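Dumped data.cif below, it's mmCIF, C-alpha atoms and all ligand atoms:
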```
data_start
loop_
_atom_site.group_PDB
_atom_site.id
_atom_site.type_symbol
_atom_site.label_atom_id
_atom_site.label_comp_id
_atom_site.auth_asym_id
_atom_site.auth_seq_id
_atom_site.Cartn_x
_atom_site.Cartn_y
_atom_site.Cartn_z
ATOM 1 C CA MET E 1 60.576 139.832 48.306
ATOM 2 C CA ASN E 2 60.487 137.075 45.691
ATOM 3 C CA LYS E 3 63.841 136.543 43.940
ATOM 4 C CA ASP E 4 62.037 136.097 40.603
ATOM 5 C CA ASN E 5 60.709 139.651 40.758
ATOM 6 C CA PRO E 6 62.341 141.822 38.112
ATOM 7 C CA VAL E 7 65.022 144.458 38.452
ATOM 8 C CA GLY E 8 63.479 147.763 37.359
ATOM 9 C CA VAL E 9 65.517 150.188 35.274
ATOM 10 C CA PHE E 10 64.478 153.660 34.209
ATOM 11 C CA ASP E 11 66.013 156.326 32.036
ATOM 12 C CA SER E 12 64.921 159.503 30.311
ATOM 13 C CA GLY E 13 64.765 157.495 27.086
ATOM 14 C CA ILE E 14 66.982 155.202 25.081
ATOM 15 C CA GLY E 15 70.400 155.805 26.660
ATOM 16 C CA GLY E 16 69.776 153.696 29.759
ATOM 17 C CA LEU E 17 69.968 150.653 27.518
ATOM 18 C CA THR E 18 73.781 150.927 27.857
ATOM 19 C CA VAL E 19 73.238 150.251 31.565
ATOM 20 C CA LEU E 20 70.717 147.491 30.884
ATOM 21 C CA GLN E 21 73.202 145.829 28.523
ATOM 22 C CA LYS E 22 75.790 145.626 31.284
ATOM 23 C CA ILE E 23 73.147 144.349 33.745
ATOM 24 C CA ILE E 24 72.160 141.545 31.355
ATOM 25 C CA GLU E 25 75.826 140.700 30.733
ATOM 26 C CA THR E 26 76.717 140.649 34.447
ATOM 27 C CA LEU E 27 73.450 139.195 35.778
ATOM 28 C CA PRO E 28 72.026 136.953 33.033
ATOM 29 C CA ARG E 29 69.558 135.257 35.409
ATOM 30 C CA GLU E 30 67.734 138.452 36.348
ATOM 31 C CA ASN E 31 64.393 139.420 34.847
ATOM 32 C CA THR E 32 64.257 143.111 34.000
ATOM 33 C CA VAL E 33 61.654 145.791 33.308
ATOM 34 C CA TYR E 34 62.930 148.878 31.496
ATOM 35 C CA LEU E 35 61.087 152.184 31.324
ATOM 36 C CA GLY E 36 62.282 154.849 28.874
ATOM 37 C CA ASP E 37 60.515 158.189 29.288
ATOM 38 C CA THR E 38 60.901 158.888 25.577
ATOM 39 C CA ALA E 39 58.036 161.407 25.447
ATOM 40 C CA ARG E 40 59.801 163.746 27.862
ATOM 41 C CA SER E 41 63.456 163.129 27.004
ATOM 42 C CA PRO E 42 65.967 164.787 27.232
ATOM 43 C CA TYR E 43 66.191 165.372 30.972
ATOM 44 C CA GLY E 44 69.674 166.888 30.732
ATOM 45 C CA THR E 45 68.411 170.352 29.867
ATOM 46 C CA LYS E 46 65.487 170.426 32.333
ATOM 47 C CA SER E 47 65.137 171.976 35.786
ATOM 48 C CA VAL E 48 65.751 170.129 39.048
ATOM 49 C CA GLU E 49 62.073 170.310 39.934
ATOM 50 C CA THR E 50 60.979 168.720 36.666
ATOM 51 C CA VAL E 51 63.605 165.969 36.709
ATOM 52 C CA LEU E 52 62.591 165.147 40.297
ATOM 53 C CA ARG E 53 58.931 164.840 39.378
ATOM 54 C CA PHE E 54 59.636 162.678 36.313
ATOM 55 C CA SER E 55 62.008 160.455 38.295
ATOM 56 C CA PHE E 56 59.388 159.779 40.979
ATOM 57 C CA GLU E 57 56.764 158.958 38.357
ATOM 58 C CA ASN E 58 59.164 156.519 36.710
ATOM 59 C CA ALA E 59 60.055 154.831 39.998
ATOM 60 C CA ASP E 60 56.336 154.551 40.925
ATOM 61 C CA PHE E 61 55.617 152.850 37.619
ATOM 62 C CA LEU E 62 58.355 150.290 38.246
ATOM 63 C CA ILE E 63 57.231 149.678 41.828
ATOM 64 C CA ASP E 64 53.705 148.979 40.510
ATOM 65 C CA LYS E 65 55.298 146.359 38.257
ATOM 66 C CA GLY E 66 56.604 144.627 41.383
ATOM 67 C CA VAL E 67 60.321 145.273 40.938
ATOM 68 C CA LYS E 68 62.672 144.204 43.749
ATOM 69 C CA LEU E 69 65.193 146.971 43.062
ATOM 70 C CA VAL E 70 65.154 150.225 41.104
ATOM 71 C CA VAL E 71 68.104 151.219 38.940
ATOM 72 C CA VAL E 72 68.283 154.890 38.052
ATOM 73 C CA ALA E 73 70.178 154.448 34.772
ATOM 74 C CA CYS E 74 70.021 158.140 33.896
ATOM 75 C CA ASN E 75 72.905 160.237 35.212
ATOM 76 C CA THR E 76 70.740 163.346 35.270
ATOM 77 C CA SER E 77 68.043 161.643 37.387
ATOM 78 C CA THR E 78 70.698 160.153 39.647
ATOM 79 C CA ALA E 79 72.313 163.561 40.125
ATOM 80 C CA VAL E 80 69.034 165.237 40.989
ATOM 81 C CA ALA E 81 66.746 162.605 42.510
ATOM 82 C CA LEU E 82 68.687 159.645 43.933
ATOM 83 C CA GLU E 83 68.677 160.744 47.555
ATOM 84 C CA SER E 84 64.953 161.592 47.623
ATOM 85 C CA LEU E 85 64.096 158.376 45.835
ATOM 86 C CA ARG E 86 66.060 156.365 48.396
ATOM 87 C CA GLU E 87 64.184 158.068 51.209
ATOM 88 C CA ASN E 88 60.765 157.466 49.702
ATOM 89 C CA VAL E 89 60.843 154.204 47.776
ATOM 90 C CA SER E 90 60.237 150.841 49.458
ATOM 91 C CA VAL E 91 62.944 148.859 47.579
ATOM 92 C CA PRO E 92 66.719 149.435 47.247
ATOM 93 C CA VAL E 93 67.639 152.121 44.706
ATOM 94 C CA VAL E 94 70.944 152.067 42.785
ATOM 95 C CA GLY E 95 72.180 155.091 40.831
ATOM 96 C CA VAL E 96 74.972 155.454 38.302
ATOM 97 C CA ILE E 97 77.096 158.129 39.969
ATOM 98 C CA GLU E 98 78.599 156.447 43.012
ATOM 99 C CA PRO E 99 79.747 153.331 41.106
ATOM 100 C CA GLY E 100 81.524 155.568 38.560
ATOM 101 C CA VAL E 101 83.069 157.668 41.305
ATOM 102 C CA ARG E 102 84.426 154.628 43.134
ATOM 103 C CA ALA E 103 85.962 153.262 39.940
ATOM 104 C CA ALA E 104 87.558 156.625 39.144
ATOM 105 C CA LEU E 105 89.092 156.836 42.596
ATOM 106 C CA GLU E 106 90.586 153.381 42.167
ATOM 107 C CA LYS E 107 92.061 154.298 38.795
ATOM 108 C CA THR E 108 93.484 157.772 39.333
ATOM 109 C CA ARG E 109 97.135 158.107 40.253
ATOM 110 C CA ASN E 110 97.560 161.882 40.135
ATOM 111 C CA LYS E 111 94.169 162.648 41.780
ATOM 112 C CA LYS E 112 93.018 164.753 38.855
ATOM 113 C CA VAL E 113 89.681 163.464 37.624
ATOM 114 C CA GLY E 114 87.544 164.774 34.778
ATOM 115 C CA VAL E 115 83.756 164.423 34.557
ATOM 116 C CA ILE E 116 81.608 164.966 31.494
ATOM 117 C CA GLY E 117 77.801 164.942 31.457
ATOM 118 C CA THR E 118 74.628 166.831 30.634
ATOM 119 C CA GLU E 119 74.042 170.383 31.748
ATOM 120 C CA ALA E 120 71.779 169.324 34.650
ATOM 121 C CA THR E 121 74.244 166.682 35.849
ATOM 122 C CA ILE E 122 77.252 169.000 35.833
ATOM 123 C CA GLN E 123 75.295 171.910 37.301
ATOM 124 C CA SER E 124 74.082 169.748 40.189
ATOM 125 C CA GLY E 125 77.697 169.241 41.261
ATOM 126 C CA ALA E 126 76.746 165.673 42.247
ATOM 127 C CA TYR E 127 79.921 164.082 40.838
ATOM 128 C CA THR E 128 82.210 166.645 42.448
ATOM 129 C CA LYS E 129 80.452 166.260 45.810
ATOM 130 C CA SER E 130 80.660 162.502 45.690
ATOM 131 C CA LEU E 131 84.332 162.451 44.590
ATOM 132 C CA LYS E 132 85.301 164.911 47.315
ATOM 133 C CA ALA E 133 83.280 163.064 49.949
ATOM 134 C CA PHE E 134 85.475 160.008 49.360
ATOM 135 C CA ASP E 135 88.707 161.980 48.968
ATOM 136 C CA PRO E 136 88.838 165.739 49.732
ATOM 137 C CA ASN E 137 92.193 166.035 47.934
ATOM 138 C CA ILE E 138 90.798 165.098 44.536
ATOM 139 C CA GLU E 139 90.868 167.826 41.903
ATOM 140 C CA VAL E 140 87.745 167.666 39.752
ATOM 141 C CA TYR E 141 87.463 169.144 36.263
ATOM 142 C CA SER E 142 83.995 169.012 34.738
ATOM 143 C CA ARG E 143 82.498 169.883 31.391
ATOM 144 C CA THR E 144 79.055 169.672 29.807
ATOM 145 C CA CYS E 145 78.920 168.052 26.366
ATOM 146 C CA PRO E 146 75.366 168.732 25.149
ATOM 147 C CA LEU E 147 75.909 167.698 21.523
ATOM 148 C CA PHE E 148 77.108 164.198 22.403
ATOM 149 C CA VAL E 149 73.560 162.932 23.074
ATOM 150 C CA PRO E 150 72.043 163.841 19.676
ATOM 151 C CA LEU E 151 75.200 162.669 17.864
ATOM 152 C CA VAL E 152 74.971 159.217 19.423
ATOM 153 C CA GLU E 153 71.233 158.963 18.781
ATOM 154 C CA GLU E 154 71.945 159.779 15.151
ATOM 155 C CA GLY E 155 74.396 156.882 15.068
ATOM 156 C CA TRP E 156 77.351 159.216 14.604
ATOM 157 C CA VAL E 157 80.037 157.882 16.884
ATOM 158 C CA ASP E 158 83.256 158.054 14.901
ATOM 159 C CA ASN E 159 83.164 160.485 11.977
ATOM 160 C CA ALA E 160 84.619 163.936 11.236
ATOM 161 C CA VAL E 161 81.827 165.811 13.043
ATOM 162 C CA VAL E 162 82.303 163.669 16.140
ATOM 163 C CA LYS E 163 86.054 164.257 16.004
ATOM 164 C CA MET E 164 85.580 168.035 15.878
ATOM 165 C CA THR E 165 82.982 168.020 18.643
ATOM 166 C CA VAL E 166 85.128 165.854 20.896
ATOM 167 C CA GLU E 167 88.106 168.134 20.299
ATOM 168 C CA SER E 168 86.229 171.304 21.068
ATOM 169 C CA TYR E 169 84.553 169.953 24.224
ATOM 170 C CA LEU E 170 87.529 168.094 25.642
ATOM 171 C CA SER E 171 90.543 170.289 24.804
ATOM 172 C CA SER E 172 90.592 172.105 28.119
ATOM 173 C CA LEU E 173 90.125 168.851 30.026
ATOM 174 C CA LYS E 174 93.086 167.400 28.167
ATOM 175 C CA GLN E 175 95.217 170.388 29.113
ATOM 176 C CA SER E 176 94.236 170.140 32.771
ATOM 177 C CA GLY E 177 96.356 166.997 33.128
ATOM 178 C CA ILE E 178 93.609 164.621 34.283
ATOM 179 C CA ASP E 179 94.523 160.938 34.210
ATOM 180 C CA THR E 180 90.942 159.652 34.585
ATOM 181 C CA LEU E 181 87.735 160.727 32.869
ATOM 182 C CA ILE E 182 84.246 159.717 34.017
ATOM 183 C CA LEU E 183 81.751 159.307 31.177
ATOM 184 C CA GLY E 184 78.855 160.703 33.219
ATOM 185 C CA CYS E 185 76.007 160.190 30.786
ATOM 186 C CA THR E 186 74.192 157.147 29.436
ATOM 187 C CA HIS E 187 75.137 157.933 25.843
ATOM 188 C CA TYR E 188 78.858 158.544 26.219
ATOM 189 C CA PRO E 189 80.090 154.927 26.364
ATOM 190 C CA LEU E 190 79.237 154.782 22.658
ATOM 191 C CA LEU E 191 81.759 157.554 22.023
ATOM 192 C CA LYS E 192 84.530 155.788 23.920
ATOM 193 C CA ARG E 193 86.662 155.188 20.845
ATOM 194 C CA ALA E 194 86.548 158.795 19.665
ATOM 195 C CA ILE E 195 87.162 160.109 23.190
ATOM 196 C CA ARG E 196 90.058 157.714 23.779
ATOM 197 C CA LYS E 197 91.627 158.670 20.445
ATOM 198 C CA PHE E 198 91.591 162.327 21.415
ATOM 199 C CA MET E 199 92.482 162.069 25.106
ATOM 200 C CA GLY E 200 95.230 159.488 24.555
ATOM 201 C CA ARG E 201 95.903 156.180 26.292
ATOM 202 C CA GLN E 202 97.290 157.854 29.417
ATOM 203 C CA VAL E 203 93.754 158.969 30.354
ATOM 204 C CA GLN E 204 91.636 156.127 31.714
ATOM 205 C CA LEU E 205 87.935 156.227 30.855
ATOM 206 C CA VAL E 206 85.330 155.215 33.415
ATOM 207 C CA ASP E 207 82.180 153.687 31.981
ATOM 208 C CA SER E 208 79.499 154.195 34.643
ATOM 209 C CA ALA E 209 77.256 151.572 33.032
ATOM 210 C CA ALA E 210 79.715 148.749 33.653
ATOM 211 C CA GLU E 211 80.455 149.916 37.200
ATOM 212 C CA THR E 212 76.741 150.211 38.021
ATOM 213 C CA ALA E 213 76.091 146.599 36.998
ATOM 214 C CA LYS E 214 78.737 145.495 39.534
ATOM 215 C CA SER E 215 77.090 147.601 42.213
ATOM 216 C CA ILE E 216 73.638 146.090 41.457
ATOM 217 C CA HIS E 217 75.171 142.640 41.763
ATOM 218 C CA ALA E 218 76.573 143.551 45.181
ATOM 219 C CA THR E 219 73.233 145.001 46.374
ATOM 220 C CA LEU E 220 71.248 141.948 45.234
ATOM 221 C CA LYS E 221 73.650 139.652 47.087
ATOM 222 C CA GLN E 222 73.665 141.787 50.188
ATOM 223 C CA GLU E 223 69.862 141.840 50.303
ATOM 224 C CA SER E 224 69.685 138.101 49.445
ATOM 225 C CA ILE E 225 67.368 138.801 46.509
ATOM 226 C CA ALA E 226 69.554 137.645 43.580
ATOM 227 C CA ARG E 227 67.819 135.204 41.234
ATOM 228 C CA GLU E 228 69.624 131.898 41.318
ATOM 229 C CA ARG E 229 68.341 129.947 38.340
ATOM 230 C CA GLY E 230 67.014 130.317 34.812
ATOM 231 C CA LYS E 231 67.610 132.874 32.119
ATOM 232 C CA GLY E 232 66.219 136.358 32.585
ATOM 233 C CA SER E 233 63.445 137.784 30.434
ATOM 234 C CA HIS E 234 63.281 141.453 29.554
ATOM 235 C CA SER E 235 60.368 143.777 28.947
ATOM 236 C CA PHE E 236 60.377 147.361 27.718
ATOM 237 C CA PHE E 237 57.994 150.263 28.280
ATOM 238 C CA VAL E 238 58.122 153.719 26.719
ATOM 239 C CA THR E 239 56.046 156.880 27.041
ATOM 240 C CA ASP E 240 56.035 157.739 23.329
ATOM 241 C CA ALA E 241 55.520 155.735 20.131
ATOM 242 C CA PRO E 242 57.809 152.685 20.382
ATOM 243 C CA GLU E 243 59.107 152.593 16.768
ATOM 244 C CA ARG E 244 62.104 154.879 17.236
ATOM 245 C CA PHE E 245 63.011 153.248 20.550
ATOM 246 C CA ILE E 246 63.017 149.831 18.890
ATOM 247 C CA LYS E 247 65.070 151.079 15.931
ATOM 248 C CA VAL E 248 67.673 153.099 17.827
ATOM 249 C CA GLY E 249 67.639 150.733 20.806
ATOM 250 C CA GLN E 250 69.800 148.214 19.032
ATOM 251 C CA ARG E 251 72.673 150.684 18.919
ATOM 252 C CA PHE E 252 72.636 150.897 22.697
ATOM 253 C CA LEU E 253 71.714 147.392 23.708
ATOM 254 C CA GLY E 254 73.860 145.658 21.127
ATOM 255 C CA GLU E 255 70.919 143.412 20.366
ATOM 256 C CA LYS E 256 67.436 143.898 19.083
ATOM 257 C CA VAL E 257 64.723 145.284 21.288
ATOM 258 C CA GLU E 258 61.941 143.029 19.986
ATOM 259 C CA SER E 259 59.025 145.122 21.204
ATOM 260 C CA ALA E 260 58.128 147.888 23.610
ATOM 261 C CA VAL E 261 54.789 148.813 25.137
ATOM 262 C CA ARG E 262 53.672 152.422 25.172
ATOM 263 C CA ILE E 263 52.234 153.700 28.408
ATOM 264 C CA GLU E 264 50.171 156.864 28.694
ATOM 265 C CA ARG E 265 51.331 159.731 30.837
HETATM 266 N N1 LIG E 301 70.032 159.847 30.161
HETATM 267 C C1 LIG E 301 70.620 161.157 30.244
HETATM 268 C C2 LIG E 301 71.820 161.112 31.203
HETATM 269 O O1 LIG E 301 72.414 160.087 31.423
HETATM 270 C C3 LIG E 301 71.061 161.673 28.889
HETATM 271 C C4 LIG E 301 69.917 162.037 27.977
HETATM 272 C C5 LIG E 301 69.045 163.136 28.541
HETATM 273 O O2 LIG E 301 69.485 164.282 28.652
HETATM 274 O O3 LIG E 301 67.911 162.815 28.883
HETATM 275 O O4 LIG E 301 72.159 162.114 31.773
#
```

With the file now loaded, output its structure as structure tokens.
Amino acid sequence: MNKDNPVGVFDSGIGGLTVLQKIIETLPRENTVYLGDTARSPYGTKSVETVLRFSFENADFLIDKGVKLVVVACNTSTAVALESLRENVSVPVVGVIEPGVRAALEKTRNKKVGVIGTEATIQSGAYTKSLKAFDPNIEVYSRTCPLFVPLVEEGWVDNAVVKMTVESYLSSLKQSGIDTLILGCTHYPLLKRAIRKFMGRQVQLVDSAAETAKSIHATLKQESIARERGKGSHSFFVTDAPERFIKVGQRFLGEKVESAVRIER
């Protein structure tokens, strides 16, 4: 595999740009191809069968683009499809769950870990399974936070509505005595401030996006496919009209998405 080949990243839509941002920050030499399945987002409320099918279509698209590694930036897709993708795809596949789990296990002192995510992610039990596989004594407290995704896409990350929503979703988690909370969804890193304010400094937040970038770095090195020179270039593909992706994308990527190409599904 040529080291100049891009790293492929897919997500249900815009949110995976939080993962891409960390990849670009950590691995500035890498070329990337991002696919946001904006026409069919959100995945978080869909069935296992549908998320599996969409995830395979996304991975196939990236493979056709010649990627050397596939990053499943979407927590929902990772929860539902990672294992099957790994069995069926010809390049290494990195998901966002295991990196977050490892970081949480390093951080927790009292072995009480909280996980928040979409309905499909929490229902799959993927985080709990992975945490317990590493340490059977871990107590896991999980909660779905369905309104967080639309709030973030609206650009509402720190106002009165956010405060109320955070309070109502996270009160029971706060009472459970967790000392670590995994932000198990692409959108949640943007709510870090509001979540930290409510949970207090004693609860450590795990940003899966940042942890995943470290794991990609390790995989590229291990497979000897890391790009060693130059500055990476980045291209974007979407399955719906690109205007909204370009506009909202900045919020997630922290810089402008110059253009995105629409592909037909
Ligand atoms: N990307 C999804 C995730 O990380 C959130 C948005 C959606 O539901 O599609 O779970």

Quiz prompt | Exercise: region 228-244 of chain E partners within 6 Å, all atoms listed in the file, chain neighbours under 2 positions left out, as a count of residues only | solution = 19

Quiz item: If you measure from CA of Ser84 (chain E) to CA of Gln123 (chain E), what distance in Å do you get, rounded to one decimal?
Solution: 17.9 Å

Exercise. Would you mind telling me which residue in E:Thr165, E:Asp207, E:Gly114, E:Arg265 lies nearest to Phe54 (chain E) when using only C-alpha atoms?
Key: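 Smallest distance to Phe54 (chain E) is found for E:Arg265.
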
Exercise. Excluding Gln204 (chain E) and residues on its chain fewer than 4 positions from it, collect all residues at most 7 Å away from it, counting only C-alpha atoms, and give them as a list in words.
Key: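 The residues that qualify are Asp179, Thr180 and Leu181 of chain E.
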
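Using all atoms listed in the file, the contacts of Phe148 (chain E) at a cut-off of 8 Å, with sequence neighbours closer than 3 positions omitted, comprise E:Cys145, E:Leu151, E:Val152, E:Thr165, E:His187, E:Tyr188.
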
Quiz prompt | Close residues, Gly155 (chain E) itself excluded, 10 Å, all atoms listed in the file, min 4 positions apart in chain, as a PyMOL selection string | solution = chain E and resi 150-151+159+190+248+251-252

Quiz item: Quick one: residues within 10 Å of ligand LIG 301 (chain E), with all atoms listed in the file, as a PyMOL selection string?
Solution: chain E and resi 10-19+36-38+40-46+51+72-79+96-97+116-122+146+148-150+153+183-188+208-209

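One distance worth recording is that between CA of Leu105 (chain E) and CA of Leu173 (chain E), which is 17.4 Å.
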
Self-check item: Pick from E:Ala210, E:Ala81, E:Leu62, E:Ala194 nearest to Val161 (chain E), counting all atoms listed in the file
Solution: E:Ala194

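For the choices E:Lys3, E:Lys22, E:Lys129, E:Lys163, the atom-to-atom distance to Ala213 (chain E) is smallest for E:Lys22 when using all atoms listed in the file.
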
Exercise. For Asn2 (chain E), please output as a count of residues only all residues within 12 Å (counting all atoms listed in the file; exclusion window: fewer than 5 positions along the same chain).
Key: 14

Exercise. Rank nothing, just name the residue among E:Phe56, E:Thr212, E:Glu49, E:Arg193 nearest to Glu87 (chain E), using all atoms listed in the file.
Key: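 Smallest distance to Glu87 (chain E) is found for E:Phe56.
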
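When all atoms listed in the file are used to measure the gap to Arg53 (chain E), the shortest distance among E:Leu147, E:Leu85, E:Ala104, E:Val93 belongs to E:Leu85.
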
Quiz item: What does the distance from CA of Ile138 (chain E) to CA of Lys111 (chain E) come to in Å, to one decimal?
Solution: 5.0 Å

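Using only C-alpha atoms, the nearest neighbour of Val206 (chain E) within the list E:Gly95, E:Gly249, E:Gly100, E:Pro136 is E:Gly100.
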
Practice problem: Run the PyMOL selection byres (((chain E and resi 135) around 12) and not hetatm) mentally over the shown coordinates, then write out the matched residues as a PyMOL selection string, using the chain letters and numbers from the document. | Solution: chain E and resi 101-102+104-106+108+111-113+128-134+136-140
